[in-house]
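Structure data follow from my_file_33.cif (mmCIF, C-alpha atoms):
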```
data_protein
loop_
_atom_site.label_atom_id
_atom_site.label_comp_id
_atom_site.auth_asym_id
_atom_site.auth_seq_id
_atom_site.Cartn_x
_atom_site.Cartn_y
_atom_site.Cartn_z
CA MET A 279 106.45 121.19 82.42
CA GLN A 280 103.75 118.49 82.62
CA GLY A 281 101.98 116.86 79.64
CA GLY A 282 101.98 117.70 75.95
CA TYR A 283 104.78 117.05 73.53
CA GLY A 284 107.32 119.30 75.25
CA GLY A 285 107.65 117.25 78.42
CA GLY A 286 105.83 114.77 80.53
CA PRO A 287 105.90 112.83 83.71
CA SER A 288 109.30 112.74 85.34
CA GLY A 289 111.56 110.05 83.97
CA TRP A 290 109.66 109.86 80.67
CA GLY A 291 111.06 112.12 77.99
CA GLY A 292 111.64 115.77 78.82
CA ALA A 293 114.86 117.66 79.38
CA GLN A 294 116.68 114.82 81.13
CA GLY A 295 117.07 113.08 77.76
CA ALA A 296 115.14 109.96 78.77
CA GLN A 297 113.41 108.20 75.91
CA GLY A 298 109.67 107.87 75.41
CA PRO A 299 108.07 105.13 73.33
CA PRO A 300 110.24 103.65 70.58
CA GLY A 301 110.42 105.91 67.55
CA ALA A 302 109.04 108.92 69.43
CA PRO A 303 110.70 112.32 68.96
CA ALA A 304 113.00 113.59 71.69
CA GLY A 305 111.08 115.11 74.57
CA TYR A 306 107.92 113.15 73.71
CA ALA A 307 105.31 112.62 76.39
CA ALA A 308 101.73 111.48 76.30
CA PRO A 309 99.33 114.41 75.73
CA GLY A 310 97.82 115.77 78.92
CA GLY A 311 100.44 114.11 81.08
CA ALA A 312 98.60 110.76 80.94
CA PRO A 313 100.53 107.91 82.47
CA GLY A 314 102.93 106.31 80.06
CA PRO A 315 105.04 103.22 80.28
CA ALA A 316 106.17 102.32 83.76
CA ALA A 317 109.53 100.76 84.52
CA GLY A 318 110.11 97.69 82.42
CA GLY A 319 108.10 98.96 79.44
CA SER A 320 104.68 98.05 80.84
CA TYR A 321 101.62 100.26 80.76
CA GLU A 322 99.14 101.08 83.49
CA PHE A 323 95.70 102.54 82.90
CA THR A 324 94.49 105.37 85.10
CA SER A 325 92.16 104.53 87.98
CA GLU A 326 89.21 105.93 85.98
CA GLN A 327 90.12 103.75 82.99
CA ASP A 328 90.58 100.76 85.31
CA ALA A 329 87.09 101.31 86.72
CA LYS A 330 85.50 101.42 83.25
CA ILE A 331 87.35 98.30 82.14
CA ALA A 332 86.41 96.46 85.36
CA ARG A 333 82.76 97.45 84.85
CA LEU A 334 82.95 96.00 81.34
CA GLY A 335 84.38 92.83 82.88
CA ASN A 336 81.48 92.59 85.33
CA VAL A 337 78.93 93.13 82.54
CA LEU A 338 80.57 90.41 80.40
CA VAL A 339 80.58 87.92 83.29
CA PHE A 340 76.89 88.59 84.03
CA SER A 341 76.03 88.36 80.33
CA GLY A 342 77.99 85.11 80.10
CA ILE A 343 76.08 83.59 83.01
CA LEU A 344 72.77 84.57 81.39
CA GLN A 345 73.83 83.03 78.07
CA ILE A 346 74.86 79.78 79.77
CA ILE A 347 71.48 79.58 81.55
CA TRP A 348 69.60 80.41 78.32
CA GLY A 349 71.59 77.86 76.32
CA LEU A 350 71.01 75.11 78.89
CA GLY A 351 67.31 75.95 79.09
CA GLN A 352 66.85 76.05 75.35
CA GLY A 353 68.84 72.88 74.82
CA THR A 354 66.98 70.88 77.45
CA THR A 355 63.42 72.04 76.68
CA SER A 356 63.29 72.34 72.89
CA TRP A 357 62.83 68.57 72.51
CA VAL A 358 59.23 69.13 73.65
CA PHE A 359 58.54 70.63 70.21
CA GLY A 360 59.93 67.61 68.36
CA LEU A 361 63.20 66.19 67.18
CA GLY A 362 63.45 68.68 64.32
CA GLN A 363 63.18 71.67 66.68
CA TRP A 364 65.71 70.11 69.04
CA LEU A 365 68.16 69.45 66.18
CA TYR A 366 67.70 73.03 64.99
CA ASN A 367 68.23 74.44 68.51
CA ALA A 368 71.12 72.18 69.51
CA PRO A 369 73.87 74.19 67.70
CA ILE A 370 72.42 77.49 68.95
CA SER A 371 72.22 76.13 72.51
CA LEU A 372 75.77 74.80 72.35
CA ALA A 373 77.00 78.10 70.90
CA LEU A 374 75.24 80.04 73.68
CA ILE A 375 76.82 77.87 76.36
CA ILE A 376 80.32 78.16 74.84
CA ILE A 377 79.91 81.92 74.25
CA GLY A 378 78.71 82.30 77.84
CA ILE A 379 81.82 80.55 79.09
CA MET A 380 84.01 82.68 76.80
CA PHE A 381 82.28 85.87 78.04
CA CYS A 382 82.93 84.84 81.66
CA LEU A 383 86.62 84.23 80.84
CA THR A 384 86.82 87.50 78.88
CA GLY A 385 85.22 89.41 81.75
CA ALA A 386 87.71 87.90 84.18
CA SER A 387 90.58 89.05 81.93
CA PHE A 388 89.16 92.57 81.81
CA LYS A 389 88.79 92.60 85.61
CA LYS A 390 92.45 91.52 86.00
CA ILE A 391 93.46 94.84 84.45
CA GLN A 392 92.18 96.67 87.51
CA SER A 393 93.49 94.20 90.08
CA THR A 394 97.06 93.75 88.81
CA GLN A 395 100.00 96.03 88.18
CA GLY A 396 102.33 96.00 85.18
CA ASN A 397 100.36 93.65 82.93
CA ASP A 398 97.50 95.83 81.67
CA ILE A 399 98.28 95.43 77.96
CA GLN A 400 98.83 91.68 78.30
CA HIS A 401 95.46 91.26 80.08
CA LEU A 402 93.78 93.54 77.53
CA MET A 403 95.13 91.53 74.59
CA GLU A 404 94.11 88.28 76.32
CA ALA A 405 90.57 89.63 76.76
CA VAL A 406 90.39 90.85 73.16
CA GLY A 407 91.48 87.40 71.93
CA LYS A 408 88.80 85.66 74.00
CA LEU A 409 86.14 88.12 72.84
CA THR A 410 87.14 87.53 69.22
CA ALA A 411 86.90 83.76 69.74
CA ALA A 412 83.44 84.16 71.30
CA GLY A 413 82.28 86.16 68.28
CA MET A 414 83.59 83.53 65.85
CA ILE A 415 81.88 80.74 67.82
CA GLN A 416 78.63 82.71 67.75
CA ILE A 417 78.85 83.22 63.99
CA ALA A 418 79.61 79.52 63.40
CA GLY A 419 76.79 78.40 65.70
CA PHE A 420 74.20 80.51 63.97
CA ILE A 421 75.35 79.53 60.46
CA ILE A 422 75.25 75.83 61.39
CA SER A 423 71.78 76.30 62.93
CA MET A 424 70.46 78.07 59.84
CA LEU A 425 71.83 75.36 57.53
CA LEU A 426 70.50 72.59 59.75
CA GLY A 427 67.12 74.33 59.94
CA ALA A 428 66.99 74.57 56.15
CA VAL A 429 67.86 70.86 55.79
CA ILE A 430 65.17 69.89 58.33
CA LEU A 431 62.60 72.08 56.58
CA ILE A 432 63.44 70.52 53.20
CA LEU A 433 63.22 67.01 54.70
CA ILE A 434 59.81 67.80 56.20
CA PHE A 435 58.54 68.99 52.82
CA VAL A 436 60.02 65.97 51.00
CA VAL A 437 58.58 63.49 53.51
CA GLY A 438 55.25 65.31 53.39
CA ALA A 439 55.19 65.26 49.59
CA ILE A 440 56.07 61.56 49.51
CA ALA A 441 53.33 60.83 52.03
CA LEU A 442 50.85 62.88 50.02
CA VAL A 443 51.74 61.12 46.76
CA ALA A 444 51.62 57.68 48.44
CA SER A 445 48.09 58.24 49.75
#
```
Since I need it in another form, could you write the structure as structure tokens?
Amino acid sequence: MQGGYGGGPSGWGGAQGAQGPPGAPAGYAAPGGAPGPAAGGSYEFTSEQDAKIARLGNVLVFSGILQIIWGLGQGTTSWVFGLGQWLYNAPISLALIIIGIMFCLTGASFKKIQSTQGNDIQHLMEAVGKLTAAGMIQIAGFIISMLLGAVILILIFVVGAIALVAS
């Protein structure tokens, strides 16, 4: 009997008395006969799942490259609009560059899932950790930029008011 809770892939639960995942009832198998843990307690995604995860990896790498280019472009050209604009854009540009690098690393981790055997969960957790770090860097970069922008705006108004009063 293949799949369901009554049996599963050979060597994983079923009538032979082999154990499924820890804490699972006797005879447990993944629903639909989906691949379960391989020898050594590792997990392997199906080829269809591998393809989707690898596509996500490719999209993240491409997105990362675009963010690096955008961050470098913004950081190197915003000075044209004045020191205040450059100071406002510097944290955003830096965040974009770092996030771009993190996305490239995350994408590479996702792509490893398809190209390796026996380490799918480890690569998945590595990619999730990098993606979480990229999100935190993005949040910090935008908060710093907003605060710096507000300080610059206040300074411009204060300097303008002082200049107006002095004249």
Separation of atom CA of Ile377 of chain A and atom CA of Gln327 of chain A, in Å?
-> 25.6 Å
Got a sec: who's within 8 Å of Gly419 of chain A, counting all atoms listed in the file, leaving out chain neighbours fewer than 2 positions off, as a PyMOL selection string?
-> chain A and resi 369-370+372-373+415-417+421-423
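With all atoms listed in the file as the atoms that count, the minimum distance from Leu365 of chain A to the choices A:Ile391, A:Leu442, A:Ala405, A:Ala428 is reached by A:Ala428.
Distances from A:Phe323, A:Trp348, A:Trp364, A:Trp357 to Ile430 of chain A were compared using only C-alpha atoms, and the smallest one belongs to A:Trp364.
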Excluding Ser387 of chain A and residues on its chain fewer than 5 positions from it, collect all residues at most 8 Å away from it, counting only C-alpha atoms, and give them as a count of residues only.
-> 5
In terms of all atoms listed in the file, the residue from A:Thr384, A:Gln363, A:Ser371, A:Thr324 at minimal distance from Val337 of chain A is A:Thr384
Just add N, CA and C atoms to segment 331-367 of chain A and send it as a CSV table (one decimal), keeping the file's coordinate frame.
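What follows is the written file result_22.csv:
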```
chain,number,residue,atom,x,y,z
A,331,ILE,N,87.0,99.6,82.7
A,331,ILE,CA,87.4,98.3,82.1
A,331,ILE,C,86.8,97.2,83.1
A,332,ALA,N,86.9,97.4,84.4
A,332,ALA,CA,86.4,96.5,85.4
A,332,ALA,C,84.9,96.4,85.3
A,333,ARG,N,84.2,97.5,85.0
A,333,ARG,CA,82.8,97.4,84.8
A,333,ARG,C,82.4,96.6,83.6
A,334,LEU,N,83.1,96.8,82.5
A,334,LEU,CA,83.0,96.0,81.3
A,334,LEU,C,83.1,94.5,81.7
A,335,GLY,N,84.2,94.2,82.5
A,335,GLY,CA,84.4,92.8,82.9
A,335,GLY,C,83.2,92.3,83.6
A,336,ASN,N,82.6,93.0,84.6
A,336,ASN,CA,81.5,92.6,85.3
A,336,ASN,C,80.3,92.4,84.4
A,337,VAL,N,80.1,93.3,83.5
A,337,VAL,CA,78.9,93.1,82.5
A,337,VAL,C,79.1,91.9,81.7
A,338,LEU,N,80.3,91.6,81.2
A,338,LEU,CA,80.6,90.4,80.4
A,338,LEU,C,80.4,89.1,81.2
A,339,VAL,N,80.8,89.1,82.5
A,339,VAL,CA,80.6,87.9,83.3
A,339,VAL,C,79.1,87.7,83.5
A,340,PHE,N,78.3,88.7,83.8
A,340,PHE,CA,76.9,88.6,84.0
A,340,PHE,C,76.2,88.1,82.7
A,341,SER,N,76.6,88.8,81.6
A,341,SER,CA,76.0,88.4,80.3
A,341,SER,C,76.4,86.9,80.0
A,342,GLY,N,77.6,86.5,80.3
A,342,GLY,CA,78.0,85.1,80.1
A,342,GLY,C,77.2,84.1,80.9
A,343,ILE,N,76.9,84.5,82.2
A,343,ILE,CA,76.1,83.6,83.0
A,343,ILE,C,74.7,83.5,82.4
A,344,LEU,N,74.1,84.6,82.0
A,344,LEU,CA,72.8,84.6,81.4
A,344,LEU,C,72.7,83.7,80.1
A,345,GLN,N,73.8,83.8,79.3
A,345,GLN,CA,73.8,83.0,78.1
A,345,GLN,C,74.0,81.5,78.4
A,346,ILE,N,74.7,81.2,79.4
A,346,ILE,CA,74.9,79.8,79.8
A,346,ILE,C,73.5,79.2,80.2
A,347,ILE,N,72.8,80.0,81.1
A,347,ILE,CA,71.5,79.6,81.6
A,347,ILE,C,70.5,79.5,80.4
A,348,TRP,N,70.5,80.4,79.5
A,348,TRP,CA,69.6,80.4,78.3
A,348,TRP,C,69.9,79.2,77.4
A,349,GLY,N,71.2,79.0,77.2
A,349,GLY,CA,71.6,77.9,76.3
A,349,GLY,C,71.2,76.5,76.9
A,350,LEU,N,71.4,76.4,78.2
A,350,LEU,CA,71.0,75.1,78.9
A,350,LEU,C,69.5,74.9,78.9
A,351,GLY,N,68.8,76.0,79.1
A,351,GLY,CA,67.3,76.0,79.1
A,351,GLY,C,66.8,75.6,77.7
A,352,GLN,N,67.3,76.3,76.7
A,352,GLN,CA,66.8,76.0,75.4
A,352,GLN,C,67.2,74.6,74.9
A,353,GLY,N,68.4,74.2,75.2
A,353,GLY,CA,68.8,72.9,74.8
A,353,GLY,C,68.1,71.7,75.5
A,354,THR,N,67.7,72.0,76.7
A,354,THR,CA,67.0,70.9,77.4
A,354,THR,C,65.5,70.9,77.3
A,355,THR,N,64.9,72.0,76.8
A,355,THR,CA,63.4,72.0,76.7
A,355,THR,C,62.9,72.0,75.2
A,356,SER,N,63.8,72.3,74.3
A,356,SER,CA,63.3,72.3,72.9
A,356,SER,C,62.9,71.0,72.3
A,357,TRP,N,63.3,69.9,73.0
A,357,TRP,CA,62.8,68.6,72.5
A,357,TRP,C,61.3,68.4,72.6
A,358,VAL,N,60.7,69.2,73.5
A,358,VAL,CA,59.2,69.1,73.6
A,358,VAL,C,58.5,69.4,72.3
A,359,PHE,N,59.1,70.2,71.5
A,359,PHE,CA,58.5,70.6,70.2
A,359,PHE,C,58.9,69.7,69.1
A,360,GLY,N,59.6,68.6,69.4
A,360,GLY,CA,59.9,67.6,68.4
A,360,GLY,C,61.4,67.5,68.1
A,361,LEU,N,61.8,66.4,67.5
A,361,LEU,CA,63.2,66.2,67.2
A,361,LEU,C,63.8,67.2,66.2
A,362,GLY,N,63.0,67.7,65.3
A,362,GLY,CA,63.4,68.7,64.3
A,362,GLY,C,63.8,70.0,65.0
A,363,GLN,N,62.9,70.4,65.9
A,363,GLN,CA,63.2,71.7,66.7
A,363,GLN,C,64.4,71.5,67.6
A,364,TRP,N,64.6,70.3,68.2
A,364,TRP,CA,65.7,70.1,69.0
A,364,TRP,C,67.0,70.1,68.2
A,365,LEU,N,67.0,69.5,67.0
A,365,LEU,CA,68.2,69.4,66.2
A,365,LEU,C,68.5,70.9,65.7
A,366,TYR,N,67.5,71.6,65.4
A,366,TYR,CA,67.7,73.0,65.0
A,366,TYR,C,68.3,73.8,66.1
A,367,ASN,N,67.8,73.6,67.4
A,367,ASN,CA,68.2,74.4,68.5
A,367,ASN,C,69.5,74.0,69.1
```
